[in-house]
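**Q** Next comes the structure file data35.pdb, holding PDB, C-alpha atoms.
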ATOM      1  CA  MET A   1     -43.413-101.878 223.743  1.00  0.00           C
ATOM      2  CA  GLY A   2     -45.836-104.730 224.224  1.00  0.00           C
ATOM      3  CA  LYS A   3     -46.140-106.722 227.403  1.00  0.00           C
ATOM      4  CA  GLY A   4     -44.164-109.823 226.459  1.00  0.00           C
ATOM      5  CA  ARG A   5     -41.767-110.688 229.267  1.00  0.00           C
ATOM      6  CA  ILE A   6     -38.119-111.702 229.097  1.00  0.00           C
ATOM      7  CA  PHE A   7     -37.235-114.005 232.011  1.00  0.00           C
ATOM      8  CA  CYS A   8     -33.471-113.745 232.611  1.00  0.00           C
ATOM      9  CA  LEU A   9     -31.769-116.665 234.317  1.00  0.00           C
ATOM     10  CA  LEU A  10     -28.797-115.094 236.073  1.00  0.00           C
ATOM     11  CA  GLY A  11     -25.928-116.635 237.975  1.00  0.00           C
ATOM     12  CA  PRO A  12     -22.227-117.401 237.899  1.00  0.00           C
ATOM     13  CA  SER A  13     -20.710-120.195 235.848  1.00  0.00           C
ATOM     14  CA  ALA A  14     -21.680-123.739 236.895  1.00  0.00           C
ATOM     15  CA  SER A  15     -24.687-122.500 238.883  1.00  0.00           C
ATOM     16  CA  GLY A  16     -26.964-124.637 236.710  1.00  0.00           C
ATOM     17  CA  LYS A  17     -28.426-121.918 234.485  1.00  0.00           C
ATOM     18  CA  ASP A  18     -28.204-123.978 231.302  1.00  0.00           C
ATOM     19  CA  SER A  19     -29.730-127.109 232.842  1.00  0.00           C
ATOM     20  CA  LEU A  20     -32.551-125.076 234.387  1.00  0.00           C
ATOM     21  CA  PHE A  21     -33.069-123.279 231.084  1.00  0.00           C
ATOM     22  CA  GLN A  22     -33.534-126.600 229.250  1.00  0.00           C
ATOM     23  CA  ALA A  23     -35.851-127.943 231.957  1.00  0.00           C
ATOM     24  CA  ILE A  24     -38.006-124.790 231.894  1.00  0.00           C
ATOM     25  CA  LEU A  25     -38.375-125.113 228.137  1.00  0.00           C
ATOM     26  CA  LYS A  26     -39.481-128.738 228.531  1.00  0.00           C
ATOM     27  CA  ARG A  27     -41.964-127.896 231.254  1.00  0.00           C
ATOM     28  CA  GLN A  28     -43.273-124.711 229.569  1.00  0.00           C
ATOM     29  CA  PRO A  29     -44.988-123.142 232.625  1.00  0.00           C
ATOM     30  CA  ILE A  30     -46.322-120.614 230.093  1.00  0.00           C
ATOM     31  CA  PRO A  31     -45.584-120.580 226.342  1.00  0.00           C
ATOM     32  CA  LEU A  32     -41.959-119.449 226.123  1.00  0.00           C
ATOM     33  CA  SER A  33     -39.718-118.597 223.201  1.00  0.00           C
ATOM     34  CA  THR A  34     -35.936-118.512 223.272  1.00  0.00           C
ATOM     35  CA  VAL A  35     -33.322-116.009 222.221  1.00  0.00           C
ATOM     36  CA  VAL A  36     -30.058-117.337 220.872  1.00  0.00           C
ATOM     37  CA  SER A  37     -27.118-115.134 221.843  1.00  0.00           C
ATOM     38  CA  TYR A  38     -23.913-114.759 219.877  1.00  0.00           C
ATOM     39  CA  THR A  39     -20.344-115.508 220.911  1.00  0.00           C
ATOM     40  CA  THR A  40     -16.907-115.230 219.373  1.00  0.00           C
ATOM     41  CA  ARG A  41     -15.484-117.993 221.578  1.00  0.00           C
ATOM     42  CA  PRO A  42     -14.735-121.412 220.062  1.00  0.00           C
ATOM     43  CA  LYS A  43     -17.591-123.890 219.944  1.00  0.00           C
ATOM     44  CA  ARG A  44     -17.407-126.654 222.560  1.00  0.00           C
ATOM     45  CA  GLY A  45     -17.648-130.265 221.478  1.00  0.00           C
ATOM     46  CA  ASN A  46     -21.255-130.724 222.617  1.00  0.00           C
ATOM     47  CA  GLU A  47     -22.595-127.432 221.201  1.00  0.00           C
ATOM     48  CA  THR A  48     -24.617-126.861 218.030  1.00  0.00           C
ATOM     49  CA  GLU A  49     -24.633-123.705 215.916  1.00  0.00           C
ATOM     50  CA  GLY A  50     -27.870-121.770 216.508  1.00  0.00           C
ATOM     51  CA  VAL A  51     -28.802-123.768 219.602  1.00  0.00           C
ATOM     52  CA  GLU A  52     -26.528-122.721 222.478  1.00  0.00           C
ATOM     53  CA  TYR A  53     -25.140-119.722 220.547  1.00  0.00           C
ATOM     54  CA  TYR A  54     -24.573-118.311 217.120  1.00  0.00           C
ATOM     55  CA  PHE A  55     -20.815-118.652 216.774  1.00  0.00           C
ATOM     56  CA  THR A  56     -19.264-115.693 215.009  1.00  0.00           C
ATOM     57  CA  ASP A  57     -16.046-113.699 214.856  1.00  0.00           C
ATOM     58  CA  ILE A  58     -14.860-110.342 216.184  1.00  0.00           C
ATOM     59  CA  PRO A  59     -15.103-108.477 212.815  1.00  0.00           C
ATOM     60  CA  SER A  60     -18.778-109.548 212.541  1.00  0.00           C
ATOM     61  CA  PHE A  61     -19.408-108.386 216.123  1.00  0.00           C
ATOM     62  CA  ARG A  62     -17.844-104.999 215.364  1.00  0.00           C
ATOM     63  CA  GLN A  63     -19.920-104.629 212.205  1.00  0.00           C
ATOM     64  CA  MET A  64     -23.168-105.339 214.089  1.00  0.00           C
ATOM     65  CA  ARG A  65     -22.125-102.923 216.834  1.00  0.00           C
ATOM     66  CA  ASP A  66     -21.377-100.201 214.261  1.00  0.00           C
ATOM     67  CA  GLU A  67     -24.828-100.795 212.748  1.00  0.00           C
ATOM     68  CA  GLY A  68     -26.458-100.278 216.188  1.00  0.00           C
ATOM     69  CA  ARG A  69     -27.745-103.861 216.313  1.00  0.00           C
ATOM     70  CA  ILE A  70     -26.157-104.897 219.638  1.00  0.00           C
ATOM     71  CA  ILE A  71     -28.525-104.827 222.643  1.00  0.00           C
ATOM     72  CA  GLU A  72     -25.893-105.910 225.150  1.00  0.00           C
ATOM     73  CA  TYR A  73     -22.426-107.381 225.122  1.00  0.00           C
ATOM     74  CA  ARG A  74     -19.570-108.318 227.384  1.00  0.00           C
ATOM     75  CA  CYS A  75     -15.961-109.191 226.692  1.00  0.00           C
ATOM     76  CA  TYR A  76     -13.943-111.753 228.624  1.00  0.00           C
ATOM     77  CA  HIS A  77     -10.157-111.435 228.453  1.00  0.00           C
ATOM     78  CA  THR A  78      -9.311-115.122 228.457  1.00  0.00           C
ATOM     79  CA  VAL A  79      -6.020-116.957 228.272  1.00  0.00           C
ATOM     80  CA  MET A  80      -6.936-117.651 224.624  1.00  0.00           C
ATOM     81  CA  GLY A  81      -7.741-114.035 223.717  1.00  0.00           C
ATOM     82  CA  ASP A  82     -10.843-111.849 223.949  1.00  0.00           C
ATOM     83  CA  TRP A  83     -14.188-113.621 223.795  1.00  0.00           C
ATOM     84  CA  TYR A  84     -17.320-111.560 223.143  1.00  0.00           C
ATOM     85  CA  TYR A  85     -20.821-112.642 224.118  1.00  0.00           C
ATOM     86  CA  PHE A  86     -23.731-110.526 222.902  1.00  0.00           C
ATOM     87  CA  THR A  87     -27.441-110.259 222.207  1.00  0.00           C
ATOM     88  CA  ALA A  88     -28.391-108.682 218.905  1.00  0.00           C
ATOM     89  CA  ASP A  89     -31.498-106.877 217.744  1.00  0.00           C
ATOM     90  CA  ASP A  90     -31.904-109.369 214.914  1.00  0.00           C
ATOM     91  CA  GLY A  91     -35.670-109.939 214.975  1.00  0.00           C
ATOM     92  CA  GLN A  92     -35.688-112.732 217.559  1.00  0.00           C
ATOM     93  CA  ILE A  93     -37.463-110.626 220.236  1.00  0.00           C
ATOM     94  CA  ASP A  94     -40.897-109.160 219.530  1.00  0.00           C
ATOM     95  CA  ASP A  95     -43.636-107.611 221.664  1.00  0.00           C
ATOM     96  CA  ASP A  96     -46.074-110.517 221.524  1.00  0.00           C
ATOM     97  CA  HIS A  97     -44.184-113.414 223.096  1.00  0.00           C
ATOM     98  CA  ASP A  98     -42.630-114.314 226.426  1.00  0.00           C
ATOM     99  CA  TYR A  99     -38.997-115.398 226.430  1.00  0.00           C
ATOM    100  CA  VAL A 100     -36.500-117.157 228.666  1.00  0.00           C
ATOM    101  CA  ILE A 101     -32.777-116.442 228.337  1.00  0.00           C
ATOM    102  CA  THR A 102     -29.580-117.040 230.313  1.00  0.00           C
ATOM    103  CA  MET A 103     -27.582-113.926 231.085  1.00  0.00           C
ATOM    104  CA  VAL A 104     -24.909-112.299 233.256  1.00  0.00           C
ATOM    105  CA  LEU A 105     -25.666-109.268 235.425  1.00  0.00           C
ATOM    106  CA  GLU A 106     -24.362-106.689 232.933  1.00  0.00           C
ATOM    107  CA  GLY A 107     -26.410-108.297 230.192  1.00  0.00           C
ATOM    108  CA  TYR A 108     -29.520-108.242 232.351  1.00  0.00           C
ATOM    109  CA  GLU A 109     -28.981-104.548 233.074  1.00  0.00           C
ATOM    110  CA  SER A 110     -28.624-103.743 229.364  1.00  0.00           C
ATOM    111  CA  LEU A 111     -31.726-105.780 228.456  1.00  0.00           C
ATOM    112  CA  ARG A 112     -33.697-104.066 231.242  1.00  0.00           C
ATOM    113  CA  ASP A 113     -32.581-100.639 230.021  1.00  0.00           C
ATOM    114  CA  TYR A 114     -33.371-101.537 226.394  1.00  0.00           C
ATOM    115  CA  PHE A 115     -36.788-103.173 226.899  1.00  0.00           C
ATOM    116  CA  GLY A 116     -37.899-101.740 230.287  1.00  0.00           C
ATOM    117  CA  SER A 117     -37.949-103.175 233.795  1.00  0.00           C
ATOM    118  CA  ASP A 118     -41.627-104.127 233.434  1.00  0.00           C
ATOM    119  CA  ARG A 119     -40.674-106.620 230.702  1.00  0.00           C
ATOM    120  CA  VAL A 120     -37.343-108.000 231.923  1.00  0.00           C
ATOM    121  CA  ILE A 121     -37.641-110.276 234.987  1.00  0.00           C
ATOM    122  CA  PRO A 122     -34.469-111.339 236.855  1.00  0.00           C
ATOM    123  CA  ILE A 123     -34.213-114.916 238.176  1.00  0.00           C
ATOM    124  CA  TYR A 124     -30.998-115.120 240.194  1.00  0.00           C
ATOM    125  CA  ILE A 125     -29.594-118.635 240.767  1.00  0.00           C
ATOM    126  CA  GLU A 126     -27.165-119.334 243.599  1.00  0.00           C
ATOM    127  CA  VAL A 127     -24.983-122.315 244.455  1.00  0.00           C
ATOM    128  CA  GLU A 128     -22.344-122.601 247.174  1.00  0.00           C
ATOM    129  CA  ASP A 129     -18.899-121.903 245.690  1.00  0.00           C
ATOM    130  CA  GLY A 130     -17.412-125.321 246.488  1.00  0.00           C
ATOM    131  CA  ILE A 131     -20.276-127.088 244.714  1.00  0.00           C
ATOM    132  CA  ARG A 132     -19.959-124.736 241.734  1.00  0.00           C
ATOM    133  CA  LEU A 133     -16.234-125.375 241.442  1.00  0.00           C
ATOM    134  CA  SER A 134     -16.771-129.131 241.571  1.00  0.00           C
ATOM    135  CA  ARG A 135     -19.439-128.896 238.844  1.00  0.00           C
ATOM    136  CA  ALA A 136     -17.230-126.691 236.670  1.00  0.00           C
ATOM    137  CA  LEU A 137     -14.321-129.122 236.981  1.00  0.00           C
ATOM    138  CA  GLU A 138     -16.505-132.103 236.089  1.00  0.00           C
ATOM    139  CA  ARG A 139     -17.915-130.257 233.051  1.00  0.00           C
ATOM    140  CA  GLU A 140     -14.434-129.289 231.868  1.00  0.00           C
ATOM    141  CA  ARG A 141     -13.171-132.878 232.217  1.00  0.00           C
ATOM    142  CA  ARG A 142     -15.814-133.969 229.698  1.00  0.00           C
ATOM    143  CA  GLN A 143     -14.505-131.583 227.001  1.00  0.00           C
ATOM    144  CA  PRO A 144     -12.384-133.091 224.200  1.00  0.00           C
ATOM    145  CA  GLU A 145      -9.628-130.606 225.109  1.00  0.00           C
ATOM    146  CA  PRO A 146     -10.141-129.418 228.710  1.00  0.00           C
ATOM    147  CA  LYS A 147      -9.087-125.819 229.374  1.00  0.00           C
ATOM    148  CA  TYR A 148      -8.531-125.827 233.125  1.00  0.00           C
ATOM    149  CA  THR A 149      -6.682-122.504 233.199  1.00  0.00           C
ATOM    150  CA  GLU A 150      -9.645-120.757 231.574  1.00  0.00           C
ATOM    151  CA  MET A 151     -12.044-122.532 233.933  1.00  0.00           C
ATOM    152  CA  CYS A 152     -10.104-121.193 236.926  1.00  0.00           C
ATOM    153  CA  ARG A 153      -9.935-117.676 235.462  1.00  0.00           C
ATOM    154  CA  ARG A 154     -13.673-117.650 234.931  1.00  0.00           C
ATOM    155  CA  PHE A 155     -14.415-118.948 238.407  1.00  0.00           C
ATOM    156  CA  ILE A 156     -12.292-116.196 239.991  1.00  0.00           C
ATOM    157  CA  ALA A 157     -13.771-113.523 237.710  1.00  0.00           C
ATOM    158  CA  ASP A 158     -17.272-114.524 238.833  1.00  0.00           C
ATOM    159  CA  SER A 159     -16.466-113.230 242.332  1.00  0.00           C
ATOM    160  CA  GLU A 160     -16.347-109.717 240.899  1.00  0.00           C
ATOM    161  CA  ASP A 161     -18.907-110.143 238.118  1.00  0.00           C
ATOM    162  CA  PHE A 162     -21.539-111.389 240.606  1.00  0.00           C
ATOM    163  CA  SER A 163     -20.560-109.333 243.646  1.00  0.00           C
ATOM    164  CA  GLU A 164     -23.165-108.530 246.287  1.00  0.00           C
ATOM    165  CA  ASP A 165     -22.752-104.819 245.486  1.00  0.00           C
ATOM    166  CA  LYS A 166     -23.740-105.393 241.852  1.00  0.00           C
ATOM    167  CA  ILE A 167     -26.679-107.611 242.776  1.00  0.00           C
ATOM    168  CA  THR A 168     -27.944-105.004 245.247  1.00  0.00           C
ATOM    169  CA  ARG A 169     -27.425-102.104 242.829  1.00  0.00           C
ATOM    170  CA  LEU A 170     -29.589-103.868 240.245  1.00  0.00           C
ATOM    171  CA  GLY A 171     -32.394-104.298 242.793  1.00  0.00           C
ATOM    172  CA  ILE A 172     -32.313-108.101 242.693  1.00  0.00           C
ATOM    173  CA  THR A 173     -33.698-109.315 246.006  1.00  0.00           C
ATOM    174  CA  LYS A 174     -35.053-112.810 245.321  1.00  0.00           C
ATOM    175  CA  ARG A 175     -32.566-115.704 245.054  1.00  0.00           C
ATOM    176  CA  TYR A 176     -33.142-119.292 243.925  1.00  0.00           C
ATOM    177  CA  GLU A 177     -30.850-121.840 245.603  1.00  0.00           C
ATOM    178  CA  ASN A 178     -29.914-124.603 243.156  1.00  0.00           C
ATOM    179  CA  ASN A 179     -28.811-127.161 245.744  1.00  0.00           C
ATOM    180  CA  ASP A 180     -31.723-129.420 244.811  1.00  0.00           C
ATOM    181  CA  PHE A 181     -32.449-129.142 241.086  1.00  0.00           C
ATOM    182  CA  ASP A 182     -36.119-130.222 241.165  1.00  0.00           C
ATOM    183  CA  THR A 183     -37.000-127.855 244.008  1.00  0.00           C
ATOM    184  CA  CYS A 184     -35.243-124.943 242.315  1.00  0.00           C
ATOM    185  CA  LEU A 185     -36.957-125.702 238.998  1.00  0.00           C
ATOM    186  CA  ALA A 186     -40.388-125.859 240.652  1.00  0.00           C
ATOM    187  CA  GLU A 187     -39.854-122.501 242.360  1.00  0.00           C
ATOM    188  CA  ILE A 188     -38.769-120.816 239.125  1.00  0.00           C
ATOM    189  CA  CYS A 189     -41.656-122.316 237.150  1.00  0.00           C
ATOM    190  CA  ALA A 190     -44.084-121.091 239.821  1.00  0.00           C
ATOM    191  CA  LEU A 191     -42.691-117.572 239.411  1.00  0.00           C
ATOM    192  CA  ILE A 192     -43.028-117.696 235.620  1.00  0.00           C
ATOM    193  CA  GLU A 193     -46.586-119.078 235.899  1.00  0.00           C
ATOM    194  CA  SER A 194     -47.511-116.142 238.135  1.00  0.00           C
ATOM    195  CA  TYR A 195     -47.095-113.880 235.074  1.00  0.00           C
ATOM    196  CA  ALA A 196     -49.693-115.800 233.053  1.00  0.00           C
ATOM    197  CA  ASP A 197     -52.603-113.636 231.902  1.00  0.00           C
TER     198      ASP A 197
END
Translate this structure into structure tokens?
**A**
Amino acid sequence: MGKGRIFCLLGPSASGKDSLFQAILKRQPIPLSTVVSYTTRPKRGNETEGVEYYFTDIPSFRQMRDEGRIIEYRCYHTVMGDWYYFTADDGQIDDDHDYVITMVLEGYESLRDYFGSDRVIPIYIEVEDGIRLSRALERERRQPEPKYTEMCRRFIADSEDFSEDKITRLGITKRYENNDFDTCLAEICALIESYAD
């Protein structure tokens, strides 16, 4: 493999990953490309096909998995059925570019195992739970059809998905507190810049 890095923004829901992701792309601390993941969940009102995700269905996911084209995936058993999120080996990632992507811990582990720990850099974002819950509720209120039950399920599931044991097992030691957005963004950009040739 080449030396292009994949910077993984990690953190539970409503930790600010997506906002930081967009701000990093605007700032471009080094030239960064993006990777669009796939999901089988319904598209939200403010989302665009091929921007936040490629929206697909479960039969298409299974076909790509059978073809060996899935790098990582996770399934959430929601109140509206199973939702799959996955990254595919579809030509988006090459050896010559650096990338930034948002991810959950299991996805980071799969990417690291697939591409190597020298290429995949974890950036773990933390926010106090009360602040996260308030942000999640405000985001859900803005949806055309708020799904509060699913929001609560996801918030509770994050306690297990982002447990201290899992974070420690993956060797993630550095944390970025997103209590002040600009400070957090500056710290992450400084890290990414440190990888410049």
**Q** For the structure shown, which residues end up in the PyMOL selection byres ((chain A and resi 70-85) around 9)? Put them as a PyMOL selection string, please?
**A** chain A and resi 37-42+57-58+61+64-69+86-90+104+106-111+114+149-150+153-154
**Q** Spell out the residues picked by the PyMOL selection byres ((chain A and resi 97) around 9) here, as a list in words.
**A** Gly2, Lys3, Gly4, Arg5, Ile6, Pro31, Leu32, Ser33, Ile93, Asp94, Asp95, Asp96, Asp98 and Tyr99 of chain A
**Q** Which residues come within 10 Å of Tyr148 in chain A, counting all atoms listed in the file, excluding same-chain residues fewer than 6 positions away, as a compact mmCIF listing (two decimals) with C-alpha atoms, keeping the file's coordinate frame?
**A**
# COMPACT_ATOMS: atom_id res chain seq x y z
CA ALA A 136 -17.23 -126.69 236.67
CA LEU A 137 -14.32 -129.12 236.98
CA GLU A 140 -14.43 -129.29 231.87
CA ARG A 141 -13.17 -132.88 232.22
CA ARG A 154 -13.67 -117.65 234.93
**Q** Mind checking which residues fall within 10 Å of range 15-29 of chain A, counting only C-alpha atoms, ignoring those fewer than 2 positions away in the same chain, and posting them as an mmCIF file with C-alpha atoms, in the frame of the given file?
**A**
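Just written: around10.cif:
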data_model
loop_
_atom_site.group_PDB
_atom_site.id
_atom_site.type_symbol
_atom_site.label_atom_id
_atom_site.label_comp_id
_atom_site.auth_asym_id
_atom_site.auth_seq_id
_atom_site.Cartn_x
_atom_site.Cartn_y
_atom_site.Cartn_z
ATOM 1 C CA CYS A 8 -33.471 -113.745 232.611
ATOM 2 C CA LEU A 9 -31.769 -116.665 234.317
ATOM 3 C CA LEU A 10 -28.797 -115.094 236.073
ATOM 4 C CA GLY A 11 -25.928 -116.635 237.975
ATOM 5 C CA PRO A 12 -22.227 -117.401 237.899
ATOM 6 C CA SER A 13 -20.710 -120.195 235.848
ATOM 7 C CA PRO A 31 -45.584 -120.580 226.342
ATOM 8 C CA LEU A 32 -41.959 -119.449 226.123
ATOM 9 C CA SER A 33 -39.718 -118.597 223.201
ATOM 10 C CA THR A 34 -35.936 -118.512 223.272
ATOM 11 C CA GLU A 52 -26.528 -122.721 222.478
ATOM 12 C CA TYR A 99 -38.997 -115.398 226.430
ATOM 13 C CA VAL A 100 -36.500 -117.157 228.666
ATOM 14 C CA ILE A 101 -32.777 -116.442 228.337
ATOM 15 C CA THR A 102 -29.580 -117.040 230.313
ATOM 16 C CA MET A 103 -27.582 -113.926 231.085
ATOM 17 C CA ILE A 123 -34.213 -114.916 238.176
ATOM 18 C CA TYR A 124 -30.998 -115.120 240.194
ATOM 19 C CA ILE A 125 -29.594 -118.635 240.767
ATOM 20 C CA GLU A 126 -27.165 -119.334 243.599
ATOM 21 C CA VAL A 127 -24.983 -122.315 244.455
ATOM 22 C CA GLU A 128 -22.344 -122.601 247.174
ATOM 23 C CA ASP A 129 -18.899 -121.903 245.690
ATOM 24 C CA ILE A 131 -20.276 -127.088 244.714
ATOM 25 C CA ARG A 132 -19.959 -124.736 241.734
ATOM 26 C CA LEU A 133 -16.234 -125.375 241.442
ATOM 27 C CA ARG A 135 -19.439 -128.896 238.844
ATOM 28 C CA ALA A 136 -17.230 -126.691 236.670
ATOM 29 C CA GLU A 177 -30.850 -121.840 245.603
ATOM 30 C CA ASN A 178 -29.914 -124.603 243.156
ATOM 31 C CA ASN A 179 -28.811 -127.161 245.744
ATOM 32 C CA PHE A 181 -32.449 -129.142 241.086
ATOM 33 C CA ASP A 182 -36.119 -130.222 241.165
ATOM 34 C CA CYS A 184 -35.243 -124.943 242.315
ATOM 35 C CA LEU A 185 -36.957 -125.702 238.998
ATOM 36 C CA ALA A 186 -40.388 -125.859 240.652
ATOM 37 C CA ILE A 188 -38.769 -120.816 239.125
ATOM 38 C CA CYS A 189 -41.656 -122.316 237.150
ATOM 39 C CA ALA A 190 -44.084 -121.091 239.821
ATOM 40 C CA LEU A 191 -42.691 -117.572 239.411
ATOM 41 C CA ILE A 192 -43.028 -117.696 235.620
ATOM 42 C CA GLU A 193 -46.586 -119.078 235.899
ATOM 43 C CA SER A 194 -47.511 -116.142 238.135
ATOM 44 C CA TYR A 195 -47.095 -113.880 235.074
ATOM 45 C CA ALA A 196 -49.693 -115.800 233.053
#
**Q** Kindly indicate which residue among A:Tyr53, A:Gly45, A:Ile30, A:Val36 lies nearest to Glu145 in chain A, using all atoms listed in the file for the distances.
**A** A:Gly45
**Q** So which one's closest to Arg175 in chain A, A:Pro122, A:Pro144, A:Phe7, A:Phe115? Using all atoms listed in the file, please.
**A**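 Once distances to Arg175 in chain A are computed over all atoms listed in the file, the minimum belongs to A:Pro122.
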**Q** Taking only C-alpha atoms into account, which of A:Gln92, A:Arg62, A:Glu49, A:Leu105 comes nearest Phe162 in chain A?
**A** A:Leu105
**Q** Rounded to one decimal in Å, what is the spacing between CA of Ile156 in chain A and CA of Ala14 in chain A?
**A**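 About the pair CA of Ile156 in chain A and CA of Ala14 in chain A: they are 12.4 Å apart.
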**Q** Got a minute to add N, CA and C atoms to range 73-99 of chain A and dump it as a PDB file, keeping the file's coordinate frame?
**A**
ATOM      1  N   TYR A  73     -23.570-106.506 225.359  1.00  0.00           N
ATOM      2  CA  TYR A  73     -22.426-107.381 225.122  1.00  0.00           C
ATOM      3  C   TYR A  73     -21.486-107.310 226.306  1.00  0.00           C
ATOM      4  N   ARG A  74     -20.642-108.314 226.400  1.00  0.00           N
ATOM      5  CA  ARG A  74     -19.570-108.318 227.384  1.00  0.00           C
ATOM      6  C   ARG A  74     -18.382-109.031 226.758  1.00  0.00           C
ATOM      7  N   CYS A  75     -17.198-108.638 227.218  1.00  0.00           N
ATOM      8  CA  CYS A  75     -15.961-109.191 226.692  1.00  0.00           C
ATOM      9  C   CYS A  75     -15.189-109.822 227.835  1.00  0.00           C
ATOM     10  N   TYR A  76     -14.770-111.063 227.647  1.00  0.00           N
ATOM     11  CA  TYR A  76     -13.943-111.753 228.624  1.00  0.00           C
ATOM     12  C   TYR A  76     -12.527-111.851 228.064  1.00  0.00           C
ATOM     13  N   HIS A  77     -11.557-111.383 228.847  1.00  0.00           N
ATOM     14  CA  HIS A  77     -10.157-111.435 228.453  1.00  0.00           C
ATOM     15  C   HIS A  77      -9.597-112.773 228.929  1.00  0.00           C
ATOM     16  N   THR A  78      -9.668-113.758 228.073  1.00  0.00           N
ATOM     17  CA  THR A  78      -9.311-115.122 228.457  1.00  0.00           C
ATOM     18  C   THR A  78      -7.854-115.406 228.116  1.00  0.00           C
ATOM     19  N   VAL A  79      -7.385-116.549 228.586  1.00  0.00           N
ATOM     20  CA  VAL A  79      -6.020-116.957 228.272  1.00  0.00           C
ATOM     21  C   VAL A  79      -5.865-117.274 226.785  1.00  0.00           C
ATOM     22  N   MET A  80      -6.977-117.379 226.058  1.00  0.00           N
ATOM     23  CA  MET A  80      -6.936-117.651 224.624  1.00  0.00           C
ATOM     24  C   MET A  80      -7.355-116.450 223.790  1.00  0.00           C
ATOM     25  N   GLY A  81      -7.355-115.254 224.417  1.00  0.00           N
ATOM     26  CA  GLY A  81      -7.741-114.035 223.717  1.00  0.00           C
ATOM     27  C   GLY A  81      -9.097-113.540 224.169  1.00  0.00           C
ATOM     28  N   ASP A  82      -9.558-112.447 223.580  1.00  0.00           N
ATOM     29  CA  ASP A  82     -10.843-111.849 223.949  1.00  0.00           C
ATOM     30  C   ASP A  82     -11.993-112.654 223.357  1.00  0.00           C
ATOM     31  N   TRP A  83     -12.964-112.958 224.225  1.00  0.00           N
ATOM     32  CA  TRP A  83     -14.188-113.621 223.795  1.00  0.00           C
ATOM     33  C   TRP A  83     -15.347-112.678 224.057  1.00  0.00           C
ATOM     34  N   TYR A  84     -16.134-112.402 223.022  1.00  0.00           N
ATOM     35  CA  TYR A  84     -17.320-111.560 223.143  1.00  0.00           C
ATOM     36  C   TYR A  84     -18.570-112.437 223.184  1.00  0.00           C
ATOM     37  N   TYR A  85     -19.482-112.049 224.059  1.00  0.00           N
ATOM     38  CA  TYR A  85     -20.821-112.642 224.118  1.00  0.00           C
ATOM     39  C   TYR A  85     -21.790-111.485 223.937  1.00  0.00           C
ATOM     40  N   PHE A  86     -22.819-111.661 223.109  1.00  0.00           N
ATOM     41  CA  PHE A  86     -23.731-110.526 222.902  1.00  0.00           C
ATOM     42  C   PHE A  86     -25.110-110.976 222.437  1.00  0.00           C
ATOM     43  N   THR A  87     -26.064-110.089 222.678  1.00  0.00           N
ATOM     44  CA  THR A  87     -27.441-110.259 222.207  1.00  0.00           C
ATOM     45  C   THR A  87     -27.679-109.195 221.154  1.00  0.00           C
ATOM     46  N   ALA A  88     -28.195-109.604 220.020  1.00  0.00           N
ATOM     47  CA  ALA A  88     -28.391-108.682 218.905  1.00  0.00           C
ATOM     48  C   ALA A  88     -29.873-108.410 218.673  1.00  0.00           C
ATOM     49  N   ASP A  89     -30.151-107.214 218.196  1.00  0.00           N
ATOM     50  CA  ASP A  89     -31.498-106.877 217.744  1.00  0.00           C
ATOM     51  C   ASP A  89     -31.607-107.389 216.317  1.00  0.00           C
ATOM     52  N   ASP A  90     -31.907-108.688 216.213  1.00  0.00           N
ATOM     53  CA  ASP A  90     -31.904-109.369 214.914  1.00  0.00           C
ATOM     54  C   ASP A  90     -33.270-109.963 214.576  1.00  0.00           C
ATOM     55  N   GLY A  91     -34.318-109.481 215.251  1.00  0.00           N
ATOM     56  CA  GLY A  91     -35.670-109.939 214.975  1.00  0.00           C
ATOM     57  C   GLY A  91     -36.134-111.096 215.837  1.00  0.00           C
ATOM     58  N   GLN A  92     -35.280-111.601 216.718  1.00  0.00           N
ATOM     59  CA  GLN A  92     -35.688-112.732 217.559  1.00  0.00           C
ATOM     60  C   GLN A  92     -36.689-112.325 218.637  1.00  0.00           C
ATOM     61  N   ILE A  93     -36.600-111.085 219.140  1.00  0.00           N
ATOM     62  CA  ILE A  93     -37.463-110.626 220.236  1.00  0.00           C
ATOM     63  C   ILE A  93     -38.531-109.695 219.681  1.00  0.00           C
ATOM     64  N   ASP A  94     -39.799-110.050 219.922  1.00  0.00           N
ATOM     65  CA  ASP A  94     -40.897-109.160 219.530  1.00  0.00           C
ATOM     66  C   ASP A  94     -41.754-108.844 220.756  1.00  0.00           C
ATOM     67  N   ASP A  95     -42.808-108.084 220.548  1.00  0.00           N
ATOM     68  CA  ASP A  95     -43.636-107.611 221.664  1.00  0.00           C
ATOM     69  C   ASP A  95     -44.703-108.606 222.087  1.00  0.00           C
ATOM     70  N   ASP A  96     -44.910-109.664 221.317  1.00  0.00           N
ATOM     71  CA  ASP A  96     -46.074-110.517 221.524  1.00  0.00           C
ATOM     72  C   ASP A  96     -45.791-111.846 222.208  1.00  0.00           C
ATOM     73  N   HIS A  97     -44.534-112.123 222.507  1.00  0.00           N
ATOM     74  CA  HIS A  97     -44.184-113.414 223.096  1.00  0.00           C
ATOM     75  C   HIS A  97     -43.443-113.221 224.409  1.00  0.00           C
ATOM     76  N   ASP A  98     -43.448-114.274 225.218  1.00  0.00           N
ATOM     77  CA  ASP A  98     -42.630-114.314 226.426  1.00  0.00           C
ATOM     78  C   ASP A  98     -41.396-115.150 226.121  1.00  0.00           C
ATOM     79  N   TYR A  99     -40.278-114.772 226.724  1.00  0.00           N
ATOM     80  CA  TYR A  99     -38.997-115.398 226.430  1.00  0.00           C
ATOM     81  C   TYR A  99     -38.302-115.828 227.710  1.00  0.00           C
TER      82      TYR A  99
END
